[in-house]
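Source file: run_23.cif (mmCIF, C-alpha atoms)
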data_run
loop_
_atom_site.label_atom_id
_atom_site.label_comp_id
_atom_site.auth_asym_id
_atom_site.auth_seq_id
_atom_site.Cartn_x
_atom_site.Cartn_y
_atom_site.Cartn_z
CA MET A 1129 5.88 33.22 44.62
CA THR A 1130 2.26 32.59 43.85
CA THR A 1131 2.35 33.53 40.18
CA PRO A 1132 2.48 30.32 38.17
CA ASP A 1133 5.46 30.22 35.83
CA VAL A 1134 5.63 28.47 32.48
CA THR A 1135 6.85 25.18 33.93
CA THR A 1136 3.93 24.80 36.31
CA LEU A 1137 1.53 25.43 33.44
CA THR A 1138 2.80 22.59 31.28
CA PRO A 1139 0.77 19.83 33.01
CA VAL A 1140 -2.40 21.39 31.62
CA PRO A 1141 -1.82 20.51 27.94
CA ALA A 1142 -0.46 17.13 29.08
CA ALA A 1143 -3.72 16.33 30.86
CA ASP A 1144 -5.54 17.52 27.77
CA ASP A 1145 -3.48 15.09 25.68
CA ALA A 1146 -4.27 12.26 28.06
CA ALA A 1147 -7.99 12.90 27.60
CA ARG A 1148 -7.60 13.06 23.83
CA LEU A 1149 -5.53 9.88 23.84
CA ALA A 1150 -8.23 8.10 25.84
CA ARG A 1151 -10.89 9.26 23.36
CA PHE A 1152 -8.71 8.20 20.45
CA GLU A 1153 -8.10 4.75 21.91
CA ALA A 1154 -11.79 4.22 22.63
CA HIS A 1155 -12.60 5.29 19.05
CA VAL A 1156 -10.10 2.78 17.61
CA ALA A 1157 -11.16 0.03 20.02
CA ALA A 1158 -14.75 0.47 18.79
CA GLU A 1159 -13.52 -0.33 15.24
CA GLU A 1160 -14.12 3.25 14.12
CA LYS A 1161 -11.74 4.49 11.41
CA VAL A 1162 -9.33 7.36 11.92
CA GLU A 1163 -9.39 9.88 9.08
CA ALA A 1164 -6.86 12.42 7.84
CA ARG A 1165 -6.58 15.60 9.95
CA ALA A 1166 -8.27 14.02 12.94
CA TRP A 1167 -6.29 14.21 16.17
CA MET A 1168 -4.00 11.21 16.61
CA PRO A 1169 -1.08 10.39 18.90
CA GLU A 1170 2.24 11.41 17.36
CA ALA A 1171 3.50 7.81 17.64
CA TYR A 1172 0.47 6.58 15.65
CA ARG A 1173 1.20 9.10 12.91
CA ARG A 1174 4.91 8.26 12.84
CA THR A 1175 4.29 4.51 12.76
CA LEU A 1176 1.84 4.90 9.88
CA ILE A 1177 4.15 7.15 7.89
CA ARG A 1178 6.96 4.62 8.35
CA GLN A 1179 4.78 1.63 7.45
CA ILE A 1180 2.91 3.20 4.50
CA SER A 1181 6.04 4.73 2.98
CA GLN A 1182 7.97 1.45 3.30
CA HIS A 1183 5.04 -0.22 1.61
CA ALA A 1184 5.03 2.41 -1.18
CA HIS A 1185 8.80 2.09 -1.68
CA SER A 1186 8.37 -1.70 -1.92
CA GLU A 1187 5.87 -1.30 -4.75
CA ILE A 1188 8.22 1.03 -6.63
CA VAL A 1189 11.41 -1.01 -6.12
CA GLY A 1190 9.32 -4.13 -6.79
CA MET A 1191 8.99 -3.05 -10.42
CA LEU A 1192 12.72 -3.63 -10.98
CA PRO A 1193 13.09 -7.43 -10.70
CA GLU A 1194 10.11 -7.93 -13.03
CA GLY A 1195 10.99 -5.10 -15.38
CA ASN A 1196 14.11 -7.15 -16.05
CA TRP A 1197 11.94 -9.60 -18.06
CA ILE A 1198 9.57 -7.31 -20.00
CA THR A 1199 11.75 -7.29 -23.12
CA ARG A 1200 12.39 -11.03 -22.86
CA ALA A 1201 8.94 -12.43 -22.01
CA PRO A 1202 8.45 -15.62 -24.06
CA THR A 1203 5.22 -14.58 -25.84
CA LEU A 1204 3.32 -11.39 -26.64
CA ARG A 1205 0.57 -12.49 -24.20
CA ARG A 1206 3.08 -12.91 -21.37
CA LYS A 1207 4.62 -9.56 -22.24
CA ALA A 1208 1.28 -7.72 -22.19
CA VAL A 1209 0.44 -9.35 -18.84
CA LEU A 1210 3.83 -8.51 -17.32
CA MET A 1211 3.60 -4.89 -18.46
CA ALA A 1212 0.12 -4.61 -16.95
CA LYS A 1213 1.41 -6.08 -13.70
CA VAL A 1214 4.43 -3.76 -13.49
CA GLN A 1215 2.17 -0.79 -14.29
CA ASP A 1216 -0.09 -1.88 -11.43
CA GLU A 1217 2.89 -1.89 -9.05
CA ALA A 1218 3.63 1.71 -10.06
CA GLY A 1219 -0.03 2.58 -9.44
CA HIS A 1220 0.04 0.86 -6.05
CA GLY A 1221 3.12 2.86 -5.10
CA LEU A 1222 1.24 6.03 -6.01
CA TYR A 1223 -1.90 5.09 -4.02
CA LEU A 1224 0.31 4.47 -1.01
CA TYR A 1225 2.35 7.68 -1.30
CA SER A 1226 -0.97 9.47 -1.60
CA ALA A 1227 -2.23 7.78 1.60
CA ALA A 1228 1.03 8.72 3.39
CA GLU A 1229 0.67 12.35 2.30
CA THR A 1230 -2.64 12.62 4.17
CA LEU A 1231 -0.52 12.32 7.33
CA GLY A 1232 1.27 15.59 6.60
CA VAL A 1233 4.43 14.35 4.92
CA SER A 1234 5.27 15.14 1.29
CA ARG A 1235 5.92 12.52 -1.36
CA ALA A 1236 9.13 14.30 -2.37
CA GLU A 1237 10.40 13.92 1.20
CA LEU A 1238 9.61 10.20 1.23
CA ILE A 1239 11.24 9.61 -2.14
CA ASP A 1240 14.33 11.49 -0.94
CA GLN A 1241 14.52 9.08 2.00
CA LEU A 1242 14.34 6.10 -0.33
CA LEU A 1243 17.03 7.46 -2.64
CA ALA A 1244 19.26 8.44 0.29
CA GLY A 1245 19.05 4.84 1.51
CA THR A 1246 17.57 5.84 4.88
CA ALA A 1247 14.12 4.30 4.22
CA LYS A 1248 13.45 0.58 4.09
CA TYR A 1249 11.54 -1.43 1.51
CA SER A 1250 10.66 -5.10 1.41
CA SER A 1251 13.84 -7.21 1.38
CA ILE A 1252 12.33 -9.61 -1.14
CA PHE A 1253 13.11 -7.19 -3.96
CA ASN A 1254 16.83 -7.48 -3.26
CA TYR A 1255 16.88 -10.94 -4.81
CA PRO A 1256 17.73 -11.37 -8.52
CA THR A 1257 15.53 -12.74 -11.33
CA PRO A 1258 17.94 -14.76 -13.51
CA THR A 1259 15.30 -16.96 -15.22
CA TRP A 1260 11.78 -16.63 -16.63
CA ALA A 1261 10.54 -18.99 -13.90
CA ASP A 1262 11.41 -16.26 -11.39
CA ILE A 1263 8.59 -14.17 -12.86
CA GLY A 1264 6.26 -17.09 -12.18
CA ALA A 1265 7.60 -17.57 -8.65
CA ILE A 1266 7.32 -13.84 -7.85
CA GLY A 1267 3.68 -13.67 -8.91
CA TRP A 1268 2.74 -16.91 -7.18
CA LEU A 1269 4.77 -16.61 -3.96
CA VAL A 1270 5.77 -12.96 -3.50
CA ASP A 1271 2.42 -11.51 -4.56
CA GLY A 1272 0.70 -14.36 -2.73
CA ALA A 1273 2.49 -13.41 0.49
CA ALA A 1274 1.86 -9.71 -0.11
CA ILE A 1275 -1.87 -10.33 -0.62
CA MET A 1276 -2.04 -12.37 2.61
CA ASN A 1277 -0.57 -9.39 4.43
CA GLN A 1278 -2.62 -6.77 2.59
CA VAL A 1279 -5.98 -8.47 3.03
CA ALA A 1280 -5.42 -8.15 6.78
CA LEU A 1281 -4.49 -4.48 6.34
CA CYS A 1282 -7.81 -3.70 4.62
CA ARG A 1283 -9.13 -3.51 8.20
CA CYS A 1284 -6.42 -1.09 9.35
CA SER A 1285 -7.74 1.69 11.61
CA TYR A 1286 -6.38 4.45 9.36
CA GLY A 1287 -9.01 5.09 6.68
CA PRO A 1288 -6.86 6.28 3.75
CA TYR A 1289 -4.46 3.33 4.17
CA ALA A 1290 -7.29 0.80 4.50
CA ARG A 1291 -8.96 2.16 1.35
CA ALA A 1292 -5.70 1.96 -0.62
CA MET A 1293 -5.34 -1.66 0.55
CA VAL A 1294 -8.84 -2.56 -0.65
CA ARG A 1295 -8.04 -1.19 -4.10
CA ILE A 1296 -4.64 -2.89 -4.20
CA CYS A 1297 -6.01 -6.28 -3.11
CA ARG A 1298 -8.69 -6.11 -5.79
CA GLU A 1299 -6.04 -5.51 -8.44
CA GLU A 1300 -3.44 -7.94 -7.16
CA SER A 1301 -5.36 -11.16 -7.33
CA PHE A 1302 -4.54 -11.33 -11.05
CA HIS A 1303 -0.85 -10.95 -10.19
CA GLN A 1304 -0.83 -14.12 -8.15
CA ARG A 1305 -2.85 -16.05 -10.73
CA GLN A 1306 -0.63 -15.10 -13.67
CA GLY A 1307 2.40 -16.23 -11.64
CA PHE A 1308 0.81 -19.54 -10.82
CA GLU A 1309 -0.11 -19.95 -14.48
CA ILE A 1310 3.54 -19.48 -15.51
CA MET A 1311 4.62 -22.07 -12.93
CA LEU A 1312 1.90 -24.44 -14.14
CA THR A 1313 2.99 -24.12 -17.76
CA LEU A 1314 6.62 -24.75 -16.85
CA SER A 1315 5.84 -27.65 -14.53
CA ARG A 1316 3.79 -29.34 -17.28
CA GLY A 1317 6.55 -28.70 -19.84
CA ALA A 1318 9.87 -30.29 -20.75
CA ALA A 1319 12.32 -31.57 -18.13
CA ALA A 1320 14.41 -28.40 -18.42
CA GLN A 1321 11.30 -26.26 -17.82
CA ARG A 1322 10.31 -28.32 -14.78
CA ALA A 1323 13.84 -27.96 -13.44
CA MET A 1324 13.66 -24.21 -13.99
CA ALA A 1325 10.38 -24.01 -12.04
CA GLN A 1326 11.82 -26.10 -9.18
CA ASP A 1327 14.96 -23.96 -9.08
CA ALA A 1328 12.85 -20.79 -8.81
CA LEU A 1329 10.77 -22.30 -5.98
CA ASN A 1330 14.00 -23.30 -4.21
CA ARG A 1331 15.31 -19.75 -4.34
CA TRP A 1332 12.06 -17.87 -3.55
CA TRP A 1333 10.50 -20.07 -0.84
CA TRP A 1334 12.42 -18.87 2.21
CA PRO A 1335 12.65 -15.20 1.16
CA SER A 1336 8.84 -15.29 0.65
CA LEU A 1337 8.31 -16.60 4.18
CA MET A 1338 10.62 -13.84 5.46
CA MET A 1339 8.32 -11.23 3.89
CA PHE A 1340 6.04 -11.53 6.93
CA GLY A 1341 8.81 -10.01 9.04
CA PRO A 1342 10.53 -11.21 12.20
CA SER A 1343 8.95 -13.80 14.43
CA ASP A 1344 6.42 -12.49 16.96
CA ARG A 1345 9.03 -13.27 19.63
CA ASP A 1346 11.37 -10.63 18.15
CA SER A 1347 9.00 -8.15 16.53
CA VAL A 1348 9.74 -4.66 17.88
CA HIS A 1349 6.65 -2.75 16.82
CA SER A 1350 3.95 -5.41 17.03
CA ALA A 1351 2.19 -4.94 20.36
CA GLN A 1352 1.48 -1.21 20.03
CA SER A 1353 0.52 -1.58 16.34
CA MET A 1354 -1.95 -4.36 17.14
CA ARG A 1355 -3.47 -2.24 19.93
CA TRP A 1356 -3.94 0.69 17.56
CA LYS A 1357 -5.18 -1.66 14.84
CA ILE A 1358 -2.48 -0.49 12.43
CA LYS A 1359 -1.64 -4.15 12.21
CA ARG A 1360 -4.43 -6.71 12.48
CA VAL A 1361 -2.82 -10.16 12.39
CA SER A 1362 0.58 -11.14 13.81
CA ASN A 1363 3.58 -11.95 11.58
CA ASP A 1364 3.68 -15.60 12.60
CA ASP A 1365 -0.06 -16.13 12.13
CA LEU A 1366 0.08 -14.66 8.60
CA ARG A 1367 3.16 -16.75 7.77
CA GLN A 1368 1.38 -19.92 8.91
CA LYS A 1369 -1.67 -19.02 6.85
CA PHE A 1370 0.54 -18.52 3.79
CA VAL A 1371 2.32 -21.86 4.24
CA ASP A 1372 -1.01 -23.67 4.71
CA ALA A 1373 -2.40 -22.13 1.52
CA THR A 1374 0.72 -22.53 -0.62
CA VAL A 1375 2.01 -26.04 0.10
CA PRO A 1376 -0.99 -27.76 -1.56
CA GLN A 1377 -0.49 -25.48 -4.60
CA ALA A 1378 3.15 -26.60 -4.83
CA GLN A 1379 1.98 -30.21 -4.62
CA PHE A 1380 -0.46 -29.58 -7.45
CA LEU A 1381 2.44 -28.26 -9.53
CA GLY A 1382 4.44 -31.40 -8.70
CA LEU A 1383 7.18 -29.25 -7.16
CA THR A 1384 9.02 -29.85 -3.90
CA VAL A 1385 9.05 -27.19 -1.19
CA PRO A 1386 12.71 -26.89 -0.12
CA ASP A 1387 12.14 -27.61 3.58
CA PRO A 1388 13.07 -31.05 4.98
CA ASP A 1389 11.11 -30.28 8.17
CA LEU A 1390 7.84 -29.53 6.35
CA ARG A 1391 4.99 -31.87 7.39
CA LEU A 1392 1.25 -31.64 7.89
CA ASP A 1393 0.37 -31.78 11.58
CA ASP A 1394 -2.77 -33.90 11.68
CA ALA A 1395 -3.69 -32.69 15.16
CA THR A 1396 -3.79 -28.98 14.23
CA GLY A 1397 -4.42 -29.22 10.47
CA HIS A 1398 -1.51 -26.80 9.95
CA TYR A 1399 1.82 -27.39 8.25
CA HIS A 1400 4.81 -27.51 10.54
CA PHE A 1401 7.80 -25.86 8.86
CA GLY A 1402 11.51 -25.46 9.59
CA GLU A 1403 13.29 -22.50 11.18
CA LEU A 1404 13.74 -19.56 8.80
CA PRO A 1405 17.28 -18.48 7.84
CA TRP A 1406 17.11 -15.39 10.07
CA HIS A 1407 20.80 -14.60 9.60
CA GLU A 1408 20.14 -14.06 5.89
CA PHE A 1409 17.06 -11.97 6.72
CA HIS A 1410 19.10 -9.59 8.86
CA GLU A 1411 21.94 -9.40 6.35
CA VAL A 1412 19.61 -8.42 3.49
CA LEU A 1413 17.87 -5.94 5.80
CA LYS A 1414 21.27 -4.38 6.58
CA GLY A 1415 21.88 -3.86 2.86
CA ASN A 1416 24.00 -6.93 2.14
CA GLY A 1417 21.54 -8.83 -0.04
CA PRO A 1418 22.38 -9.87 -3.59
CA CYS A 1419 20.86 -6.77 -5.26
CA ASN A 1420 20.51 -4.02 -2.60
CA ARG A 1421 23.04 -1.70 -4.23
CA GLU A 1422 21.82 -2.42 -7.76
CA ARG A 1423 18.18 -1.64 -6.86
CA LEU A 1424 18.96 1.71 -5.26
CA ALA A 1425 21.32 2.63 -8.08
CA ALA A 1426 18.54 1.89 -10.60
CA ARG A 1427 16.04 4.04 -8.66
CA ARG A 1428 18.52 6.93 -8.37
CA ALA A 1429 19.32 6.75 -12.08
CA ALA A 1430 15.60 6.76 -12.99
CA HIS A 1431 14.99 9.74 -10.69
CA ASP A 1432 17.97 11.72 -11.98
CA GLU A 1433 17.31 10.95 -15.63
CA GLY A 1434 13.67 12.03 -15.19
CA ALA A 1435 14.60 15.37 -13.60
CA TRP A 1436 14.50 17.28 -16.89
CA VAL A 1437 10.99 15.93 -17.63
CA ARG A 1438 9.69 17.14 -14.27
CA ALA A 1439 11.34 20.52 -14.75
CA ALA A 1440 10.09 20.86 -18.34
CA ALA A 1441 6.49 20.04 -17.35
CA LEU A 1442 6.61 22.68 -14.65
CA ALA A 1443 8.15 25.26 -16.99
CA TYR A 1444 5.44 24.54 -19.57
CA SER A 1445 2.71 24.93 -16.96
CA ARG A 1446 4.15 28.31 -15.84
CA LYS A 1447 4.38 29.50 -19.41
CA GLN A 1448 0.74 28.56 -20.02
CA GLN A 1449 -0.32 30.38 -16.85
CA ALA A 1450 1.64 33.49 -17.85
CA ARG A 1451 0.09 33.44 -21.31
CA GLN A 1452 -3.41 33.10 -19.82
CA SER A 1453 -2.94 35.97 -17.36
CA ARG A 1454 -1.64 38.22 -20.19
CA ALA A 1455 -4.67 37.36 -22.31
CA SER A 1456 -7.20 38.11 -19.55
CA MET G 1012 5.36 19.57 4.70
CA SER G 1013 5.96 22.53 2.42
CA THR G 1014 5.70 22.36 -1.34
CA THR G 1015 8.96 23.54 -2.85
CA PRO G 1016 8.74 25.38 -6.20
CA HIS G 1017 10.19 22.24 -7.82
CA ASP G 1018 7.24 20.07 -6.77
CA TRP G 1019 4.23 19.41 -8.89
CA ALA G 1020 1.02 20.43 -7.12
CA LEU G 1021 -1.19 17.92 -5.31
CA TYR G 1022 -4.60 17.24 -6.90
CA GLU G 1023 -7.59 15.33 -5.52
CA VAL G 1024 -9.22 12.93 -7.98
CA PHE G 1025 -12.94 12.16 -8.30
CA VAL G 1026 -14.26 9.46 -10.63
CA ARG G 1027 -17.79 8.81 -11.90
CA ALA G 1028 -18.04 5.04 -12.22
CA ARG G 1029 -20.89 5.19 -14.73
CA ALA G 1030 -23.59 7.57 -15.90
CA GLY G 1031 -26.20 7.97 -13.19
CA LEU G 1032 -23.75 7.92 -10.28
CA ASP G 1033 -22.00 10.78 -8.46
CA HIS G 1034 -18.31 11.48 -8.85
CA LYS G 1035 -16.56 9.86 -5.90
CA HIS G 1036 -13.23 10.75 -4.31
CA VAL G 1037 -10.65 8.05 -5.12
CA GLY G 1038 -7.33 9.54 -4.03
CA SER G 1039 -4.79 12.13 -5.01
CA LEU G 1040 -1.79 12.61 -7.30
CA HIS G 1041 0.84 15.15 -8.32
CA ALA G 1042 0.82 17.02 -11.63
CA ALA G 1043 2.30 20.15 -13.15
CA ASP G 1044 -1.08 21.38 -14.47
CA PRO G 1045 -4.75 20.33 -14.59
CA GLN G 1046 -4.41 18.72 -18.02
CA MET G 1047 -1.59 16.50 -16.80
CA ALA G 1048 -3.56 15.77 -13.62
CA LEU G 1049 -6.38 14.38 -15.77
CA GLN G 1050 -3.97 12.23 -17.77
CA HIS G 1051 -2.29 10.91 -14.61
CA ALA G 1052 -5.70 10.26 -13.04
CA ARG G 1053 -6.67 8.21 -16.09
CA ASP G 1054 -3.51 6.09 -15.76
CA THR G 1055 -3.51 5.84 -11.98
CA TYR G 1056 -7.16 5.39 -11.08
CA THR G 1057 -8.97 3.98 -14.13
CA ARG G 1058 -6.84 1.10 -15.44
CA ARG G 1059 -9.79 -1.30 -15.20
CA GLN G 1060 -12.82 0.55 -16.56
CA GLU G 1061 -13.46 2.19 -13.18
CA GLY G 1062 -14.89 5.34 -14.69
CA VAL G 1063 -16.51 7.30 -17.49
CA SER G 1064 -15.64 10.77 -16.17
CA ILE G 1065 -12.89 12.30 -14.02
CA TRP G 1066 -12.72 15.52 -12.00
CA VAL G 1067 -9.43 16.82 -10.63
CA VAL G 1068 -9.09 19.77 -8.27
CA ARG G 1069 -6.00 21.22 -6.63
CA SER G 1070 -5.96 20.01 -3.02
CA ASP G 1071 -5.14 23.51 -1.73
CA GLN G 1072 -8.38 24.78 -3.30
CA ILE G 1073 -10.59 22.59 -1.09
CA SER G 1074 -12.10 24.08 2.05
CA ALA G 1075 -12.83 21.35 4.57
CA SER G 1076 -14.54 21.28 7.97
CA ASP G 1077 -12.20 20.87 10.91
CA PRO G 1078 -12.50 17.37 12.44
CA SER G 1079 -12.43 18.92 15.93
CA ASP G 1080 -15.59 20.90 15.04
CA ALA G 1081 -17.46 17.69 14.16
CA ASP G 1082 -19.49 17.71 17.41
CA ALA G 1083 -20.56 21.32 17.09
CA LEU G 1084 -21.46 20.87 13.43
CA PHE G 1085 -23.21 17.54 13.43
CA SER G 1086 -24.51 16.74 16.93
CA PRO G 1087 -27.47 19.18 16.67
CA ALA G 1088 -29.02 16.64 14.31
CA ASP G 1089 -28.77 13.87 16.95
CA ASP G 1090 -31.94 14.81 18.87
CA LYS G 1091 -34.08 15.58 15.83
CA VAL G 1092 -35.30 12.09 15.19
CA TYR G 1093 -38.60 13.55 13.98
CA ARG G 1094 -36.79 14.26 10.72
CA HIS G 1095 -36.94 10.54 9.97
CA PRO G 1096 -40.12 8.75 8.84
CA THR G 1097 -39.60 6.01 11.45
CA PHE G 1098 -40.41 8.59 14.19
CA TYR G 1099 -44.13 8.45 13.32
CA THR G 1100 -46.52 5.68 14.32
CA ILE G 1101 -49.04 4.80 11.66
CA PRO G 1102 -51.98 2.62 12.72
CA GLU G 1103 -52.35 -0.89 11.30
CA GLY G 1104 -54.33 -0.97 8.13
CA VAL G 1105 -53.33 2.46 6.83
CA GLU G 1106 -51.73 1.93 3.43
CA GLY G 1107 -49.67 4.09 1.08
CA LEU G 1108 -47.75 6.13 3.71
#

As structure tokens, what does this structure read like?
Amino acid sequence: MTTPDVTTLTPVPAADDAARLARFEAHVAAEEKVEARAWMPEAYRRTLIRQISQHAHSEIVGMLPEGNWITRAPTLRRKAVLMAKVQDEAGHGLYLYSAAETLGVSRAELIDQLLAGTAKYSSIFNYPTPTWADIGAIGWLVDGAAIMNQVALCRCSYGPYARAMVRICREESFHQRQGFEIMLTLSRGAAAQRAMAQDALNRWWWPSLMMFGPSDRDSVHSAQSMRWKIKRVSNDDLRQKFVDATVPQAQFLGLTVPDPDLRLDDATGHYHFGELPWHEFHEVLKGNGPCNRERLAARRAAHDEGAWVRAAALAYSRKQQARQSRAS
Amino acid sequence: MSTTPHDWALYEVFVRARAGLDHKHVGSLHAADPQMALQHARDTYTRRQEGVSIWVVRSDQISASDPSDADALFSPADDKVYRHPTFYTIPEGVEGL
């Protein structure tokens, strides 16, 4: 047989893909951005959809621990600030879903994955907020860690994601400051307030360090993501940067970081810190954290209870359209 | 990928930061109708005095060039450097050009 059959023809598109992949990699290596609808390897698209949607879900679920304190904020000023912050988190979720949608996935699909429990979000939001000091600790530590991570992502190779990060970073610096301000007020207050601040630091310190993800030794996706510039700085490097920035702030507050191994290494200028409780990290990731079930239940309830609003808005819009087309 | 009938449509949002500047694309959002899209755009993209005017347009109403046509569309301009003032040599001492 000399007539080529379908199977012998398949190497042609493959070779084509190889050439496109080479062009794509050269483009990314030259620090050029990738924009929506441009050709990209399927694995690049999938990785971005996973990462951006997890990030979006984290913003949305992240409203819950703080929302817990809106009605109980100690002053009107604190309440206005907290509402503005929670509203920002909702906005950040929307920017990120919008960036994910440029990759050809729908927001409804992503939200379905979150509600079905098949998508991940940052484990930090599975911890409870029993005291007002937790709102301080979240702003100072959790937003502080998030900013550290997001500043690096402003240089991500995917344009729509990088632009969302720039906007988010600009808005989030107030989040960290308001948290630090709460901690400062408490740490300069009565003994019970100082104790409350210390207790919050004790509970949020290690989970905040875990926000940077597994150690570089165990990180599954890191190498490829660094090569494609989806990720710009390694987990361990960001974690170290966060510890170096945060320990002096804790000292200023007169609070003790709950790590007996913490010490400044004079030779490197970096803080040496103890081993993270990785067992806890994996348990929370698996769904066994203190609030995993509660968070998802709250999201599902909000989605279900809002269904009639979404339907009514659509019905109204159709009615208006029908009325307009009759009139014309 | 597909928009089910239960989904609100996707809109692209453009914001004019202040009078004198062009409207600039800032992102997208979902809304049931254009009026709601404007209200959502206000809440989502202008929480910090980012704008004085908003445009929204349904994303499926935008015609865009195909990224794979970029070479064919834009490379013809590459060898026409004479369209830039720096192409021309002006002798020392000539002013006002």

Nearest to A:Val1385: which of A:Tyr1399, A:Tyr1286, A:Trp1356, A:Trp1406 is it, counting all atoms listed in the file?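 Under the stated criterion, the closest residue is A:Tyr1399.
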
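Note that the spacing between atom CA of A:Asn1330 and atom CA of A:Arg1391 amounts to 17.0 Å.
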
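Look at A:Arg1200: the protein and nucleic acid residues within 9 Å of it, using only C-alpha atoms and passing over chain neighbours fewer than 4 places away, are Asn1196, Lys1207 and Trp1260 of chain A.
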
Suppose you want the space between atom CA of A:Gly1267 and atom CA of A:Gln1368; what is it in Å?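 According to the coordinates, atom CA of A:Gly1267 and atom CA of A:Gln1368 are separated by 19.0 Å.
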
Counting only C-alpha atoms, collect the residues of chain G whose closest atom lies at most 7 Å from chain A, and write them out as a PDB file with C-alpha atoms, in the frame of the given file.
ATOM      1  CA  MET G1012       5.360  19.570   4.700  1.00  0.00           C
ATOM      2  CA  GLY G1038      -7.330   9.540  -4.030  1.00  0.00           C
ATOM      3  CA  SER G1039      -4.790  12.130  -5.010  1.00  0.00           C
ATOM      4  CA  LEU G1040      -1.790  12.610  -7.300  1.00  0.00           C
ATOM      5  CA  ALA G1043       2.300  20.150 -13.150  1.00  0.00           C
ATOM      6  CA  ASP G1044      -1.080  21.380 -14.470  1.00  0.00           C
ATOM      7  CA  THR G1055      -3.510   5.840 -11.980  1.00  0.00           C
ATOM      8  CA  PRO G1078     -12.500  17.370  12.440  1.00  0.00           C
TER       9      PRO G1078
END

Mind giving me the straight-line distance from atom CA of A:Leu1281 to atom CA of A:Val1156 in Å, one decimal?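 Between atom CA of A:Leu1281 and atom CA of A:Val1156 the gap is 14.5 Å.
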
Expand the PyMOL selection byres ((chain G and resi 1065) around 9) into the explicit residue set it covers here, and present it as JSON, numbers by chain. {"G": [1024, 1025, 1026, 1027, 1034, 1049, 1052, 1053, 1062, 1063, 1064, 1066, 1067]}

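By chain and then residue number, the residues within 12 Å of A:Ala1425 are Val1189, Leu1192, Leu1242, Leu1243, Ala1244, Gly1245, Cys1419, Asn1420, Arg1421, Glu1422, Arg1428, Ala1429, Ala1430, His1431, Asp1432 and Glu1433 of chain A, counting only C-alpha atoms and disregarding those fewer than 3 positions away in sequence.
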
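Counting all atoms listed in the file and comparing A:Arg1174, A:Ser1362, A:Arg1331, A:Thr1259, the residue that lies closest to A:Asp1344 is A:Ser1362.
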
Could you tell me which residues the PyMOL selection byres ((chain G and resi 1020) around 9) grabs in this file, written as a list in words?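 Given this file, the PyMOL selection byres ((chain G and resi 1020) around 9) evaluates to Thr1014, Asp1018, Trp1019, Leu1021, Tyr1022, Leu1040, His1041, Ala1042, Ala1043, Asp1044, Arg1069, Ser1070 and Asp1071 of chain G.
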
When you look at A:Leu1413 with a cut-off of 12 Å (counting all atoms listed in the file), what residues show up, excluding the ones that are within fewer than 6 positions of it in the same chain? I need them as a list in words.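 So the residues in contact are Gly1245, Thr1246, Ala1247, Lys1248, Tyr1249, Ser1250, Ser1251, Ile1252, Phe1253, Asn1254, Tyr1255, Pro1335, Met1338, Met1339, Gly1341, Pro1342, Trp1406, His1407, Cys1419 and Asn1420 of chain A.
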
Print the selection's residues with C-alpha atoms to a file, as an mmCIF file, keeping the file's coordinate frame.
data_model
loop_
_atom_site.group_PDB
_atom_site.id
_atom_site.type_symbol
_atom_site.label_atom_id
_atom_site.label_comp_id
_atom_site.auth_asym_id
_atom_site.auth_seq_id
_atom_site.Cartn_x
_atom_site.Cartn_y
_atom_site.Cartn_z
ATOM 1 C CA GLY A 1245 19.050 4.840 1.510
ATOM 2 C CA THR A 1246 17.570 5.840 4.880
ATOM 3 C CA ALA A 1247 14.120 4.300 4.220
ATOM 4 C CA LYS A 1248 13.450 0.580 4.090
ATOM 5 C CA TYR A 1249 11.540 -1.430 1.510
ATOM 6 C CA SER A 1250 10.660 -5.100 1.410
ATOM 7 C CA SER A 1251 13.840 -7.210 1.380
ATOM 8 C CA ILE A 1252 12.330 -9.610 -1.140
ATOM 9 C CA PHE A 1253 13.110 -7.190 -3.960
ATOM 10 C CA ASN A 1254 16.830 -7.480 -3.260
ATOM 11 C CA TYR A 1255 16.880 -10.940 -4.810
ATOM 12 C CA PRO A 1335 12.650 -15.200 1.160
ATOM 13 C CA MET A 1338 10.620 -13.840 5.460
ATOM 14 C CA MET A 1339 8.320 -11.230 3.890
ATOM 15 C CA GLY A 1341 8.810 -10.010 9.040
ATOM 16 C CA PRO A 1342 10.530 -11.210 12.200
ATOM 17 C CA TRP A 1406 17.110 -15.390 10.070
ATOM 18 C CA HIS A 1407 20.800 -14.600 9.600
ATOM 19 C CA CYS A 1419 20.860 -6.770 -5.260
ATOM 20 C CA ASN A 1420 20.510 -4.020 -2.600
#

Enclose the full set of atoms of stretch 1337-1354 of chain A listed in the file within a box whose edges lie along x, y and z, apply 8 Å of padding to each of the six sides, and report centre and edge lengths in Å to one decimal as AutoDock Vina command-line options.
--center_x 4.7 --center_y -8.9 --center_z 12.1 --size_x 29.3 --size_y 31.4 --size_z 32.5
